Amino acid sequence: MNIVKGLFLGSAAALLAVGGAQAADLPLKAKAVEYVKVCSIYGAGFYYIPGTDTCIKLGGYLRADVTIGGGSAYNMPAWNGNAGQKNRLANDYIFRSRQDLNIDTRTATEYGVVRTYFDATFNWTTGTDTVANGSLGVYYAFIQFAGFTFGKAVSQFDTPWTGYPG
């Protein structure tokens with residue numbers, strides 16, 4: 001008799017638990033949460049960093065290419081070195097990639113807008129006769145506030161024929 005009583009009470013408790021779970025799952029109209037908001041003050045592409053009044057814009061590009069049977073990147077065909085001799089040290093392909101990343105943040109203060117800007121490029125080349133190598137070039141890295149610019153930026157005294165800025 002105790003077993004039947006226990007089964008009866010256990011099944012009643014299970015039915016109550018299931019009924020309570022169904023009542024908690026009633027569809028409610030919840031307010032949508034905006035994790036990323038558009039910041040239209042500074043132009044297209046800016047978004048608010050969550051929890052702050054700072055706007056950020058991320059940009060850049062990735063470029064990749066492969067040279068097959070070449071002596072070095074952008075050099076076809078291989079006439080000299082290990083690649084030209086076709087010995088065991090030669091590589092059948094050379095892979096080169098370039099990534100450019102730029103970050104622009106702006107914050108309105110009571111004294112004006114504080115702007116930080118960073119633009120850098122990273123190059124990586126494999127498959128040459130030497131060890132695979134990479135390089136980092138910083139185009140811009142500056143802070144602007146109250147009409148002043150601090151850091152690496154374009155100067156009005158730069159000449160256009162000085163070469164690649166990286």
# chains A, B, ... in the order shown; residues from 1 in each chain; ligands from 1
>>> residues_around(residues="segment 33-49 of chain A", least_positions_apart="3", cutoff="10 Å", atoms="only C-alpha atoms", output="JSON, numbers by chain")
{"A": [30, 52, 53, 54, 55, 56, 57, 58, 59, 104, 105, 106, 107, 108]}
>>> residues_around(residues="segment 149-151 of chain A", least_positions_apart="5", cutoff="12 Å", atoms="only C-alpha atoms", output="MDAnalysis selection string")
chainID A and resid 114:119 138:144
>>> write_last_selection(atoms="C-alpha atoms", output="PDB file, in the first residue's frame")
ATOM      1  CA  VAL A 114      38.758  63.401 -28.658  1.00  0.00           C
ATOM      2  CA  ARG A 115      39.764  61.301 -31.661  1.00  0.00           C
ATOM      3  CA  THR A 116      42.185  58.393 -31.818  1.00  0.00           C
ATOM      4  CA  TYR A 117      43.216  56.853 -35.121  1.00  0.00           C
ATOM      5  CA  PHE A 118      45.409  53.852 -35.903  1.00  0.00           C
ATOM      6  CA  ASP A 119      46.268  52.439 -39.335  1.00  0.00           C
ATOM      7  CA  VAL A 138      52.398  51.816 -39.141  1.00  0.00           C
ATOM      8  CA  TYR A 139      50.872  54.465 -41.379  1.00  0.00           C
ATOM      9  CA  TYR A 140      49.105  56.533 -38.729  1.00  0.00           C
ATOM     10  CA  ALA A 141      48.840  56.426 -34.954  1.00  0.00           C
ATOM     11  CA  PHE A 142      47.635  59.680 -33.434  1.00  0.00           C
ATOM     12  CA  ILE A 143      45.323  61.411 -30.956  1.00  0.00           C
ATOM     13  CA  GLN A 144      43.512  64.642 -31.819  1.00  0.00           C
TER      14      GLN A 144
END
>>> closest_residue(among="A:Gln99, A:Thr125, A:Glu110, A:Ala120", to="Thr67 of chain A", atoms="only C-alpha atoms")
A:Thr125
